[in-house]
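Asker: Structure incoming, see below.
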Amino acid sequence: MATSTVEETLKKLNKYFSEKLETYGATAQGVDYNGPDAQRLRFEVLSKIIEPSRPFTVIDYGCGYGAFFDFLTTRNWQFEYYGVDLIEKMVITARELHKDFPNAHFTTDEKELPVADYLVAGSIFNIKMECPYDEWQQMVLDTLRRMNDLCSKGFAFNMLTKYSDPERMAGRPDLFYADPLFFFDFCKRNFSRNVALLHDYGLYDFTILVRKDL
Ligand SMILES: C[S@@+](CC[C@H](N)C(=O)[O-])C[C@H]1O[C@@H](n2cnc3c(N)ncnc32)[C@H](O)[C@@H]1O
């Protein structure tokens, strides 16, 4: 089977997600979820990293059109939000949708981000296309290190789980089914003693919370 490097894959993903956005607009399907319920449930789990009793800052890494901002807004929490995405069209759409919210900031350039209290990354590693498993996994680890450097209190991310139905996984070599125990161990050894692995919310994925401020 033909393979692609990580760089080639990220270019293909740019095209893939831009087309989704063009077809479905700023909706859950426009960022490749099955529907709004799965997106919302994932946001609920990711947001467990946040302690909202005081105003906070948060980076949404791979923000798409900024749906996590809308989720946080419905909670009536006080926060400053920084969304970053690889794809210019996503960022342009996100900016336009949130232009009336002074606490919403969007960029394609990671270097423009401040260090925030928290960082969340929702479903950004799921599609690896033809990239070899180990190379994609290495890219994920490199990205987790950068995410760790971008926040002071903690971060949360989710990925598809390798504990999915074997028949389902066999038919989707384009998806990255990660080993939750490997990533739990990596986060524990590299980032913090306080790490939670949540694998109990009924989807084919898991979430890891890395808390730095206990
Ligand atoms: C499945 S969508 C999810 C969007 C959003 N997090 C949500 O839950 O609604 C994944 C998004 O992550 C972005 N993405 C993937 N890898 C990224 C990276 N390394 N840096 C920035 N954005 C990335 C993609 O461009 C895409 O918009």
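By convention here, the chains of the structure tokens are called A, B, ... in the order presented, each chain's residues are numbered starting at 1, and ligands are numbered starting at 1 in the order presented.
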Would you list, as a ChimeraX atom specification, the residues of range 5-160 of chain A that end up in alpha helix (DSSP H) under DSSP run on this structure's backbone?
Answerer: /A:6-24,36-46,67-74,88-97,133-149
Asker: Which of range 89-195 of chain A counts as strand (DSSP E) under DSSP, as a PDB file with N, CA and C atoms, in the first residue's frame please?
Answerer:
```pdb
ATOM      1  N   ALA A 104     -13.197  35.916  22.127  1.00  0.00           N
ATOM      2  CA  ALA A 104     -12.860  34.824  21.189  1.00  0.00           C
ATOM      3  C   ALA A 104     -11.754  35.284  20.236  1.00  0.00           C
ATOM      4  N   HIS A 105     -10.668  34.523  20.167  1.00  0.00           N
ATOM      5  CA  HIS A 105      -9.523  34.858  19.305  1.00  0.00           C
ATOM      6  C   HIS A 105      -9.169  33.615  18.493  1.00  0.00           C
ATOM      7  N   PHE A 106      -8.895  33.811  17.210  1.00  0.00           N
ATOM      8  CA  PHE A 106      -8.585  32.661  16.348  1.00  0.00           C
ATOM      9  C   PHE A 106      -7.341  32.936  15.517  1.00  0.00           C
ATOM     10  N   THR A 107      -6.547  31.903  15.290  1.00  0.00           N
ATOM     11  CA  THR A 107      -5.332  32.034  14.474  1.00  0.00           C
ATOM     12  C   THR A 107      -4.989  30.693  13.808  1.00  0.00           C
ATOM     13  N   ALA A 116      -1.706  29.576  28.101  1.00  0.00           N
ATOM     14  CA  ALA A 116      -3.028  29.707  28.731  1.00  0.00           C
ATOM     15  C   ALA A 116      -3.089  28.843  29.994  1.00  0.00           C
ATOM     16  N   ASP A 117      -4.158  29.015  30.763  1.00  0.00           N
ATOM     17  CA  ASP A 117      -4.348  28.122  31.918  1.00  0.00           C
ATOM     18  C   ASP A 117      -4.558  26.683  31.449  1.00  0.00           C
ATOM     19  N   TYR A 118      -5.470  26.550  30.476  1.00  0.00           N
ATOM     20  CA  TYR A 118      -5.836  25.199  30.024  1.00  0.00           C
ATOM     21  C   TYR A 118      -5.712  25.115  28.514  1.00  0.00           C
ATOM     22  N   LEU A 119      -5.595  23.876  28.033  1.00  0.00           N
ATOM     23  CA  LEU A 119      -5.631  23.610  26.591  1.00  0.00           C
ATOM     24  C   LEU A 119      -6.494  22.367  26.380  1.00  0.00           C
ATOM     25  N   VAL A 120      -7.346  22.407  25.378  1.00  0.00           N
ATOM     26  CA  VAL A 120      -8.083  21.194  24.993  1.00  0.00           C
ATOM     27  C   VAL A 120      -7.838  20.918  23.510  1.00  0.00           C
ATOM     28  N   ALA A 121      -7.842  19.649  23.148  1.00  0.00           N
ATOM     29  CA  ALA A 121      -7.682  19.256  21.739  1.00  0.00           C
ATOM     30  C   ALA A 121      -8.724  18.175  21.458  1.00  0.00           C
ATOM     31  N   CYS A 151       0.307  25.462  28.160  1.00  0.00           N
ATOM     32  CA  CYS A 151      -0.665  25.683  29.245  1.00  0.00           C
ATOM     33  C   CYS A 151      -0.014  25.482  30.611  1.00  0.00           C
ATOM     34  N   SER A 152      -0.562  26.164  31.610  1.00  0.00           N
ATOM     35  CA  SER A 152       0.058  26.103  32.936  1.00  0.00           C
ATOM     36  C   SER A 152      -0.700  25.209  33.919  1.00  0.00           C
ATOM     37  N   LYS A 153      -2.016  25.053  33.731  1.00  0.00           N
ATOM     38  CA  LYS A 153      -2.776  24.269  34.720  1.00  0.00           C
ATOM     39  C   LYS A 153      -3.122  22.860  34.253  1.00  0.00           C
ATOM     40  N   GLY A 154      -3.280  22.698  32.941  1.00  0.00           N
ATOM     41  CA  GLY A 154      -3.554  21.348  32.475  1.00  0.00           C
ATOM     42  C   GLY A 154      -4.103  21.310  31.075  1.00  0.00           C
ATOM     43  N   PHE A 155      -4.109  20.108  30.505  1.00  0.00           N
ATOM     44  CA  PHE A 155      -4.679  19.952  29.168  1.00  0.00           C
ATOM     45  C   PHE A 155      -5.417  18.628  29.028  1.00  0.00           C
ATOM     46  N   ALA A 156      -6.287  18.603  28.013  1.00  0.00           N
ATOM     47  CA  ALA A 156      -7.102  17.410  27.776  1.00  0.00           C
ATOM     48  C   ALA A 156      -7.179  17.155  26.279  1.00  0.00           C
ATOM     49  N   PHE A 157      -7.136  15.881  25.904  1.00  0.00           N
ATOM     50  CA  PHE A 157      -7.261  15.539  24.484  1.00  0.00           C
ATOM     51  C   PHE A 157      -7.977  14.205  24.364  1.00  0.00           C
ATOM     52  N   ASN A 158      -8.583  13.978  23.206  1.00  0.00           N
ATOM     53  CA  ASN A 158      -9.209  12.676  22.985  1.00  0.00           C
ATOM     54  C   ASN A 158      -8.734  12.049  21.682  1.00  0.00           C
ATOM     55  N   MET A 159      -8.842  10.715  21.640  1.00  0.00           N
ATOM     56  CA  MET A 159      -8.422   9.981  20.443  1.00  0.00           C
ATOM     57  C   MET A 159      -9.296   8.743  20.295  1.00  0.00           C
ATOM     58  N   LEU A 160      -9.367   8.201  19.090  1.00  0.00           N
ATOM     59  CA  LEU A 160     -10.044   6.925  18.891  1.00  0.00           C
ATOM     60  C   LEU A 160      -9.281   5.839  19.641  1.00  0.00           C
ATOM     61  N   THR A 161     -10.025   4.844  20.155  1.00  0.00           N
ATOM     62  CA  THR A 161      -9.369   3.822  20.963  1.00  0.00           C
ATOM     63  C   THR A 161      -9.115   2.527  20.205  1.00  0.00           C
ATOM     64  N   TYR A 177      -6.241   4.485  15.526  1.00  0.00           N
ATOM     65  CA  TYR A 177      -6.805   3.917  16.755  1.00  0.00           C
ATOM     66  C   TYR A 177      -5.668   3.810  17.768  1.00  0.00           C
ATOM     67  N   ALA A 178      -5.677   4.698  18.748  1.00  0.00           N
ATOM     68  CA  ALA A 178      -4.540   4.813  19.662  1.00  0.00           C
ATOM     69  C   ALA A 178      -4.677   3.854  20.852  1.00  0.00           C
ATOM     70  N   ASN A 194      -0.418  13.721  37.859  1.00  0.00           N
ATOM     71  CA  ASN A 194      -1.882  13.713  37.961  1.00  0.00           C
ATOM     72  C   ASN A 194      -2.507  13.606  36.579  1.00  0.00           C
ATOM     73  N   VAL A 195      -2.751  12.368  36.191  1.00  0.00           N
ATOM     74  CA  VAL A 195      -3.274  12.101  34.855  1.00  0.00           C
ATOM     75  C   VAL A 195      -4.500  11.203  34.981  1.00  0.00           C
TER      76      VAL A 195
END
```
Asker: Using only C-alpha atoms and all ligand atoms, what table do you get, as JSON lines, when you list each residue of chain A with an atom no more than 9 Å from ligand 1, its nearest pair of atoms, and their distance in Å rounded to one decimal, rows by chain then rising number?
Answerer:
```
{"residue": "A:Leu10", "atom": "CA", "partner": "ligand 1", "partner_atom_place_in_ligand_line": "16 (N)", "distance": 7.3}
{"residue": "A:Leu13", "atom": "CA", "partner": "ligand 1", "partner_atom_place_in_ligand_line": "25 (O)", "distance": 6.9}
{"residue": "A:Asn14", "atom": "CA", "partner": "ligand 1", "partner_atom_place_in_ligand_line": "25 (O)", "distance": 6.1}
{"residue": "A:Tyr16", "atom": "CA", "partner": "ligand 1", "partner_atom_place_in_ligand_line": "25 (O)", "distance": 8.9}
{"residue": "A:Phe17", "atom": "CA", "partner": "ligand 1", "partner_atom_place_in_ligand_line": "26 (C)", "distance": 6.2}
{"residue": "A:Ser18", "atom": "CA", "partner": "ligand 1", "partner_atom_place_in_ligand_line": "25 (O)", "distance": 8.1}
{"residue": "A:Leu21", "atom": "CA", "partner": "ligand 1", "partner_atom_place_in_ligand_line": "27 (O)", "distance": 8.9}
{"residue": "A:Thr27", "atom": "CA", "partner": "ligand 1", "partner_atom_place_in_ligand_line": "9 (O)", "distance": 8.4}
{"residue": "A:Ala28", "atom": "CA", "partner": "ligand 1", "partner_atom_place_in_ligand_line": "9 (O)", "distance": 6.5}
{"residue": "A:Gln29", "atom": "CA", "partner": "ligand 1", "partner_atom_place_in_ligand_line": "1 (C)", "distance": 8.9}
{"residue": "A:Gly30", "atom": "CA", "partner": "ligand 1", "partner_atom_place_in_ligand_line": "2 (S)", "distance": 8.3}
{"residue": "A:Val31", "atom": "CA", "partner": "ligand 1", "partner_atom_place_in_ligand_line": "2 (S)", "distance": 4.5}
{"residue": "A:Asp32", "atom": "CA", "partner": "ligand 1", "partner_atom_place_in_ligand_line": "1 (C)", "distance": 5.3}
{"residue": "A:Tyr33", "atom": "CA", "partner": "ligand 1", "partner_atom_place_in_ligand_line": "1 (C)", "distance": 6.4}
{"residue": "A:Gln39", "atom": "CA", "partner": "ligand 1", "partner_atom_place_in_ligand_line": "8 (O)", "distance": 6.0}
{"residue": "A:Arg40", "atom": "CA", "partner": "ligand 1", "partner_atom_place_in_ligand_line": "8 (O)", "distance": 8.4}
{"residue": "A:Arg42", "atom": "CA", "partner": "ligand 1", "partner_atom_place_in_ligand_line": "8 (O)", "distance": 7.5}
{"residue": "A:Phe43", "atom": "CA", "partner": "ligand 1", "partner_atom_place_in_ligand_line": "8 (O)", "distance": 7.1}
{"residue": "A:Asp60", "atom": "CA", "partner": "ligand 1", "partner_atom_place_in_ligand_line": "6 (N)", "distance": 6.9}
{"residue": "A:Tyr61", "atom": "CA", "partner": "ligand 1", "partner_atom_place_in_ligand_line": "21 (C)", "distance": 5.8}
{"residue": "A:Gly62", "atom": "CA", "partner": "ligand 1", "partner_atom_place_in_ligand_line": "22 (N)", "distance": 3.4}
{"residue": "A:Cys63", "atom": "CA", "partner": "ligand 1", "partner_atom_place_in_ligand_line": "6 (N)", "distance": 4.3}
{"residue": "A:Gly64", "atom": "CA", "partner": "ligand 1", "partner_atom_place_in_ligand_line": "27 (O)", "distance": 3.7}
{"residue": "A:Tyr65", "atom": "CA", "partner": "ligand 1", "partner_atom_place_in_ligand_line": "9 (O)", "distance": 6.8}
{"residue": "A:Gly66", "atom": "CA", "partner": "ligand 1", "partner_atom_place_in_ligand_line": "9 (O)", "distance": 6.4}
{"residue": "A:Ala67", "atom": "CA", "partner": "ligand 1", "partner_atom_place_in_ligand_line": "9 (O)", "distance": 5.1}
{"residue": "A:Phe68", "atom": "CA", "partner": "ligand 1", "partner_atom_place_in_ligand_line": "9 (O)", "distance": 6.2}
{"residue": "A:Val84", "atom": "CA", "partner": "ligand 1", "partner_atom_place_in_ligand_line": "21 (C)", "distance": 5.9}
{"residue": "A:Asp85", "atom": "CA", "partner": "ligand 1", "partner_atom_place_in_ligand_line": "22 (N)", "distance": 3.7}
{"residue": "A:Leu86", "atom": "CA", "partner": "ligand 1", "partner_atom_place_in_ligand_line": "22 (N)", "distance": 4.2}
{"residue": "A:Ile87", "atom": "CA", "partner": "ligand 1", "partner_atom_place_in_ligand_line": "25 (O)", "distance": 5.0}
{"residue": "A:Glu88", "atom": "CA", "partner": "ligand 1", "partner_atom_place_in_ligand_line": "25 (O)", "distance": 8.6}
{"residue": "A:Met90", "atom": "CA", "partner": "ligand 1", "partner_atom_place_in_ligand_line": "27 (O)", "distance": 6.3}
{"residue": "A:Val91", "atom": "CA", "partner": "ligand 1", "partner_atom_place_in_ligand_line": "27 (O)", "distance": 8.7}
{"residue": "A:Thr108", "atom": "CA", "partner": "ligand 1", "partner_atom_place_in_ligand_line": "21 (C)", "distance": 7.4}
{"residue": "A:Asp109", "atom": "CA", "partner": "ligand 1", "partner_atom_place_in_ligand_line": "21 (C)", "distance": 8.6}
{"residue": "A:Glu110", "atom": "CA", "partner": "ligand 1", "partner_atom_place_in_ligand_line": "20 (N)", "distance": 7.8}
{"residue": "A:Val120", "atom": "CA", "partner": "ligand 1", "partner_atom_place_in_ligand_line": "6 (N)", "distance": 8.2}
{"residue": "A:Ala121", "atom": "CA", "partner": "ligand 1", "partner_atom_place_in_ligand_line": "6 (N)", "distance": 5.9}
{"residue": "A:Gly122", "atom": "CA", "partner": "ligand 1", "partner_atom_place_in_ligand_line": "6 (N)", "distance": 4.0}
{"residue": "A:Ser123", "atom": "CA", "partner": "ligand 1", "partner_atom_place_in_ligand_line": "1 (C)", "distance": 4.9}
{"residue": "A:Ile124", "atom": "CA", "partner": "ligand 1", "partner_atom_place_in_ligand_line": "12 (O)", "distance": 4.1}
{"residue": "A:Phe125", "atom": "CA", "partner": "ligand 1", "partner_atom_place_in_ligand_line": "16 (N)", "distance": 6.1}
{"residue": "A:Asn126", "atom": "CA", "partner": "ligand 1", "partner_atom_place_in_ligand_line": "1 (C)", "distance": 7.4}
{"residue": "A:Ile127", "atom": "CA", "partner": "ligand 1", "partner_atom_place_in_ligand_line": "1 (C)", "distance": 8.5}
{"residue": "A:Met139", "atom": "CA", "partner": "ligand 1", "partner_atom_place_in_ligand_line": "19 (N)", "distance": 8.5}
{"residue": "A:Val140", "atom": "CA", "partner": "ligand 1", "partner_atom_place_in_ligand_line": "19 (N)", "distance": 8.3}
{"residue": "A:Thr143", "atom": "CA", "partner": "ligand 1", "partner_atom_place_in_ligand_line": "19 (N)", "distance": 6.8}
```
Asker: Could you state the separation of CA of Pro55 in chain A and CA of Gln78 in chain A in Å, given to one decimal place?
Answerer: 4.8 Å
Asker: Choose the residue, out of A:Pro36, A:Gly25, A:Pro166, A:Pro173, that has the smallest atom-to-atom separation from Cys131 in chain A; count only C-alpha atoms.
Answerer: A:Pro173
